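> Data file start-v1.tsv (TSV, C-alpha atoms and all ligand atoms) is appended below.
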chain	number	residue	atom	x	y	z
S	1	MET	CA	-19.33	13.46	10.78
S	2	ASP	CA	-18.06	9.99	11.60
S	3	LEU	CA	-16.00	9.48	14.75
S	4	TYR	CA	-12.91	7.27	14.84
S	5	ILE	CA	-10.64	6.74	17.82
S	6	ASP	CA	-6.92	7.31	17.23
S	7	THR	CA	-5.25	4.68	19.39
S	8	ALA	CA	-4.06	1.08	19.51
S	9	ASN	CA	-4.96	0.74	23.19
S	10	LEU	CA	-7.63	-1.94	23.60
S	11	ASP	CA	-9.10	-0.54	26.83
S	12	GLU	CA	-9.62	2.85	25.22
S	13	ILE	CA	-11.15	1.25	22.14
S	14	LYS	CA	-13.53	-0.80	24.32
S	15	GLN	CA	-14.51	2.31	26.32
S	16	ALA	CA	-15.18	4.30	23.15
S	17	ALA	CA	-17.07	1.43	21.50
S	18	ALA	CA	-19.29	1.13	24.58
S	19	LEU	CA	-20.49	4.70	23.97
S	20	GLY	CA	-22.24	3.42	20.85
S	21	VAL	CA	-21.03	6.25	18.59
S	22	LEU	CA	-17.70	4.90	17.42
S	23	ASP	CA	-17.43	4.40	13.65
S	24	GLY	CA	-13.83	3.25	13.24
S	25	VAL	CA	-10.22	3.21	14.47
S	26	THR	CA	-6.97	4.68	13.20
S	27	THR	CA	-3.62	3.30	14.26
S	28	ASN	CA	-0.09	4.13	13.21
S	29	PRO	CA	3.25	2.41	13.88
S	30	SER	CA	4.02	4.75	16.82
S	31	LEU	CA	0.65	4.05	18.49
S	32	ILE	CA	1.01	0.25	18.14
S	33	ALA	CA	4.68	0.37	19.28
S	34	LYS	CA	3.54	2.05	22.53
S	35	GLU	CA	1.39	-1.00	23.32
S	36	LYS	CA	4.37	-3.40	23.21
S	37	VAL	CA	2.37	-6.19	21.53
S	38	PRO	CA	2.89	-7.85	18.13
S	39	TYR	CA	1.72	-5.54	15.32
S	40	ALA	CA	-0.67	-7.86	13.46
S	41	LYS	CA	-2.02	-9.40	16.67
S	42	ARG	CA	-3.10	-6.01	17.99
S	43	LEU	CA	-4.78	-5.11	14.70
S	44	ALA	CA	-6.69	-8.41	14.79
S	45	GLU	CA	-7.78	-7.72	18.38
S	46	ILE	CA	-9.03	-4.25	17.42
S	47	CYS	CA	-11.02	-5.69	14.51
S	48	GLU	CA	-12.82	-8.02	16.94
S	49	PHE	CA	-14.30	-5.01	18.74
S	50	VAL	CA	-14.87	-2.55	15.94
S	51	LYS	CA	-16.58	-3.52	12.73
S	52	GLY	CA	-16.07	-0.15	11.02
S	53	PRO	CA	-12.87	0.80	9.17
S	54	VAL	CA	-9.63	0.03	11.06
S	55	SER	CA	-6.54	1.66	9.55
S	56	ALA	CA	-3.38	-0.49	9.46
S	57	GLU	CA	-0.25	1.33	8.34
S	58	VAL	CA	2.62	-0.10	6.31
S	59	VAL	CA	6.15	0.71	7.42
S	60	ALA	CA	7.91	0.08	4.11
S	61	THR	CA	8.74	3.25	2.22
S	62	ASP	CA	9.19	1.74	-1.26
S	63	TYR	CA	6.42	0.58	-3.59
S	64	ASP	CA	7.29	-3.13	-3.58
S	65	GLY	CA	7.67	-3.20	0.18
S	66	MET	CA	4.33	-1.42	0.67
S	67	MET	CA	2.60	-3.87	-1.65
S	68	SER	CA	4.04	-6.91	0.14
S	69	GLU	CA	3.11	-5.53	3.58
S	70	ALA	CA	-0.40	-4.60	2.43
S	71	GLU	CA	-1.23	-8.20	1.51
S	72	PRO	CA	-0.96	-9.79	5.00
S	73	LEU	CA	-2.41	-6.68	6.66
S	74	ARG	CA	-5.57	-6.81	4.61
S	75	LYS	CA	-6.01	-10.52	5.38
S	76	ILE	CA	-6.30	-9.69	9.10
S	77	ALA	CA	-9.96	-8.73	8.71
S	78	GLU	CA	-12.42	-7.47	6.12
S	79	ASN	CA	-12.61	-4.02	7.70
S	80	ILE	CA	-8.86	-3.32	7.52
S	81	VAL	CA	-8.01	-0.18	5.55
S	82	ILE	CA	-4.43	-0.01	4.30
S	83	LYS	CA	-2.73	3.16	5.49
S	84	LEU	CA	0.02	4.48	3.24
S	85	PRO	CA	2.17	7.62	3.36
S	86	ILE	CA	1.59	10.27	0.70
S	87	THR	CA	4.84	9.89	-1.20
S	88	VAL	CA	5.57	8.99	-4.82
S	89	ASP	CA	5.71	5.29	-3.91
S	90	GLY	CA	2.69	5.61	-1.61
S	91	LEU	CA	0.63	7.16	-4.39
S	92	ARG	CA	1.54	4.31	-6.76
S	93	ALA	CA	0.61	1.76	-4.11
S	94	CYS	CA	-2.68	3.60	-3.51
S	95	LYS	CA	-3.56	3.41	-7.20
S	96	THR	CA	-2.68	-0.29	-7.47
S	97	LEU	CA	-4.61	-1.22	-4.33
S	98	SER	CA	-7.60	0.99	-5.16
S	99	ASP	CA	-7.84	-0.54	-8.63
S	100	LYS	CA	-8.09	-3.95	-6.92
S	101	GLY	CA	-10.89	-2.70	-4.66
S	102	VAL	CA	-8.72	-2.41	-1.54
S	103	LYS	CA	-9.55	0.58	0.69
S	104	THR	CA	-6.68	2.95	1.51
S	105	ASN	CA	-6.10	5.73	4.03
S	106	MET	CA	-3.49	8.14	2.70
S	107	THR	CA	-1.67	9.60	5.66
S	108	LEU	CA	0.67	12.46	6.55
S	109	CYS	CA	-1.19	14.95	4.37
S	110	PHE	CA	0.09	18.49	4.90
S	111	GLN	CA	-0.94	20.35	1.77
S	112	PRO	CA	-4.04	20.35	-0.46
S	113	LEU	CA	-2.41	19.04	-3.63
S	114	GLN	CA	-1.37	15.86	-1.81
S	115	ALA	CA	-5.09	15.37	-1.15
S	116	LEU	CA	-5.93	16.02	-4.80
S	117	MET	CA	-3.39	13.44	-5.98
S	118	VAL	CA	-4.58	10.67	-3.67
S	119	ALA	CA	-8.21	11.32	-4.61
S	120	LYS	CA	-7.22	10.90	-8.28
S	121	ALA	CA	-5.56	7.59	-7.31
S	122	GLY	CA	-8.82	6.35	-5.75
S	123	ALA	CA	-8.05	6.70	-2.04
S	124	PHE	CA	-10.90	5.85	0.33
S	125	LEU	CA	-9.62	8.25	3.03
S	126	VAL	CA	-7.13	11.10	3.19
S	127	SER	CA	-5.65	12.08	6.55
S	128	PRO	CA	-4.73	15.76	6.91
S	129	PHE	CA	-2.81	16.28	10.18
S	130	ILE	CA	-4.23	19.44	11.77
S	131	GLY	CA	-2.35	19.49	15.09
S	132	ARG	CA	1.07	18.92	13.57
S	133	LEU	CA	0.53	21.88	11.22
S	134	ASP	CA	-0.56	24.06	14.13
S	135	ASP	CA	2.59	22.92	15.97
S	136	VAL	CA	4.76	24.54	13.29
S	137	SER	CA	2.70	27.75	13.26
S	138	GLU	CA	0.66	26.85	10.19
S	139	ASP	CA	-3.14	26.70	10.08
S	140	GLY	CA	-4.27	23.08	10.19
S	141	MET	CA	-7.93	23.97	9.75
S	142	ASP	CA	-7.18	25.92	6.59
S	143	LEU	CA	-5.99	22.63	5.05
S	144	ILE	CA	-9.34	20.98	5.84
S	145	HIS	CA	-11.26	23.87	4.23
S	146	LYS	CA	-9.10	23.74	1.10
S	147	ILE	CA	-9.40	19.96	0.68
S	148	ARG	CA	-13.18	20.15	1.20
S	149	GLN	CA	-13.46	22.77	-1.53
S	150	ILE	CA	-11.26	20.84	-3.97
S	151	TYR	CA	-13.14	17.59	-3.41
S	152	ASP	CA	-16.49	19.34	-3.80
S	153	ASN	CA	-15.35	21.19	-6.94
S	154	TYR	CA	-14.64	17.91	-8.70
S	155	GLY	CA	-16.93	15.49	-6.91
S	156	PHE	CA	-14.15	13.29	-5.52
S	157	PRO	CA	-15.63	10.61	-3.22
S	158	THR	CA	-12.46	10.32	-1.07
S	159	LYS	CA	-13.39	11.00	2.55
S	160	ILE	CA	-11.58	13.67	4.54
S	161	LEU	CA	-10.41	12.09	7.79
S	162	ALA	CA	-9.25	14.95	10.01
S	163	ALA	CA	-6.31	13.64	12.04
S	164	SER	CA	-3.85	14.89	14.66
S	165	ILE	CA	-6.74	16.43	16.58
S	166	ARG	CA	-5.65	17.83	19.92
S	167	HIS	CA	-8.76	19.36	21.49
S	168	PRO	CA	-12.56	19.71	21.08
S	169	LYS	CA	-12.24	23.01	19.20
S	170	HIS	CA	-10.43	21.18	16.41
S	171	MET	CA	-13.35	18.75	16.29
S	172	VAL	CA	-16.01	21.48	16.19
S	173	ASP	CA	-14.14	23.28	13.43
S	174	CYS	CA	-13.83	20.02	11.47
S	175	ALA	CA	-17.58	19.43	11.70
S	176	LEU	CA	-18.25	23.01	10.54
S	177	ALA	CA	-15.76	22.65	7.69
S	178	GLY	CA	-17.45	19.47	6.45
S	179	ALA	CA	-14.75	16.92	7.28
S	180	ASP	CA	-16.25	13.45	6.78
S	181	VAL	CA	-14.50	11.89	9.77
S	182	SER	CA	-12.58	13.05	12.83
S	183	THR	CA	-10.13	10.67	14.43
S	184	VAL	CA	-9.45	11.65	18.01
S	185	PRO	CA	-7.64	10.32	21.09
S	186	MET	CA	-9.72	9.08	24.04
S	187	SER	CA	-8.76	12.23	26.00
S	188	VAL	CA	-10.61	14.38	23.45
S	189	ILE	CA	-13.68	12.11	23.45
S	190	LYS	CA	-13.84	12.62	27.24
S	191	GLN	CA	-13.36	16.39	26.91
S	192	VAL	CA	-16.17	16.58	24.35
S	193	LEU	CA	-18.54	14.95	26.83
S	194	SER	CA	-17.69	17.23	29.70
S	195	HIS	CA	-18.84	20.77	30.42
S	196	PRO	CA	-18.74	22.55	33.81
S	197	LEU	CA	-22.31	23.84	33.33
S	198	THR	CA	-23.53	20.29	32.65
S	199	ASP	CA	-21.84	19.14	35.88
S	200	SER	CA	-23.16	22.01	38.05
S	201	GLY	CA	-26.63	21.79	36.44
S	202	LEU	CA	-26.83	18.06	37.09
S	203	LYS	CA	-25.65	18.48	40.70
S	204	LYS	CA	-28.45	21.02	41.31
S	205	PHE	CA	-31.12	18.81	39.69
S	206	VAL	CA	-30.11	15.87	41.89
S	207	GLU	CA	-29.98	18.02	45.05
S	208	ASP	CA	-33.39	19.59	44.36
S	209	TYR	CA	-34.91	16.16	43.69
S	210	LYS	CA	-33.52	14.77	46.95
S	211	LYS	CA	-34.77	17.79	48.95
S	212	ALA	CA	-38.29	17.47	47.56
S	213	PHE	CA	-38.67	13.69	47.28
S	214	GLY	CA	-35.93	12.27	49.53
S	215	GLY	CA	-33.61	9.40	48.62
R	1	LIG	C1	-3.78	9.68	12.26
R	1	LIG	O1	-4.06	8.79	11.53
R	1	LIG	C2	-2.62	9.72	13.15
R	1	LIG	O2	-2.53	8.47	13.79
R	1	LIG	C3	-2.74	10.73	14.24
R	1	LIG	O3	-3.94	11.47	14.20
R	1	LIG	C4	-1.53	11.53	14.50
R	1	LIG	O4	-1.76	12.40	15.58
R	1	LIG	P1	-0.57	13.11	16.38
R	1	LIG	O5	-0.08	14.24	15.56
R	1	LIG	O6	-1.23	13.58	17.64
R	1	LIG	O7	0.48	12.06	16.60
What does the file become when written as structure tokens?
Ligand code: E4P

Amino acid sequence: MDLYIDTANLDEIKQAAALGVLDGVTTNPSLIAKEKVPYAKRLAEICEFVKGPVSAEVVATDYDGMMSEAEPLRKIAENIVIKLPITVDGLRACKTLSDKGVKTNMTLCFQPLQALMVAKAGAFLVSPFIGRLDDVSEDGMDLIHKIRQIYDNYGFPTKILAASIRHPKHMVDCALAGADVSTVPMSVIKQVLSHPLTDSGLKKFVEDYKKAFGG
């Protein structure tokens, strides 16, 4: 399973990239707005650090607007993936861009047939939002399982990018369910790398070494 970081914060992106296991970045308008920097500038800065797919979302909600925003976004860098909402206009934009060879990430996916439609339109990635479904007492993981089965039934190459991940259990379940990518905040990357038994075990190893060999 590929690992993307879900942030527009450069320090977090640099920290995650330094781990050597970062495959890409997802941003959205809310994440970039939090950084209080110009939209395109921040995307260009991210693309300097990460050579894998970097999702850049349009904010237009109509087809023509999405198409005109996609053009400058994709010129920012070769690894930009155009992120579009799964709406009627978003689906049309996905088809037009995919036919031209432009990679898309279809976002705000909350039910399996949205994923089927964007796969038919040639999407590179689909982003089911697990945490936001859990927030409204639905089962986010069930959506991942259903999309995986539909894509496998018909051999769709669209990658399942599990999004809105809130904790390591979401990530484990995504890996078990066969999600192609998990995009996670830095807080979850840190949680994944921490376990109390690792900490206590390491402390004991170091203490025993010092007792026996000094230093
Ligand atoms: C994914 O592309 C989104 O940016 C993100 O995962 C949304 O997560 P949230 O529900 O925690 O805002």
> Please identify all protein, DNA and RNA residues within 10 Å of ligand LIG 1 (chain R), counting only C-alpha atoms and all ligand atoms, and report them as number ranges by chain.
S: 4-8, 25-32, 55-57, 83, 105-109, 126-135, 161-166, 182-185
> Go ahead and compute the interatomic distance for atom CA of Lys203 of chain S and atom CA of Ile189 of chain S, in Å to one decimal.
21.9 Å
> In Å, how far is it from atom CA of Gln15 of chain S to atom CA of Pro168 of chain S?
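Rounded to one decimal, the two atoms are 18.3 Å apart.
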> In Å to one decimal, how far is atom CA of Asn9 of chain S from atom CA of Lys34 of chain S?
8.6 Å
> Considering all atoms listed in the file, state which residue in the set S:Leu143, S:Met171, S:Met186, S:Thr104 is at the smallest distance from Ala17 of chain S.
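For Ala17 of chain S, the nearest of the given residues is S:Met186.
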> Could you check which of S:Ala16, S:Ala44, S:Leu91, S:Leu10 is closest to Arg74 of chain S, using all atoms listed in the file?
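Of all the options, S:Ala44 lies closest to Arg74 of chain S.
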> Do a neighbour search on Val88 of chain S at 9 Å with all atoms listed in the file, toss out local chain neighbours closer than 5 positions, and write the hits as number ranges by chain.
S: 62-63, 93
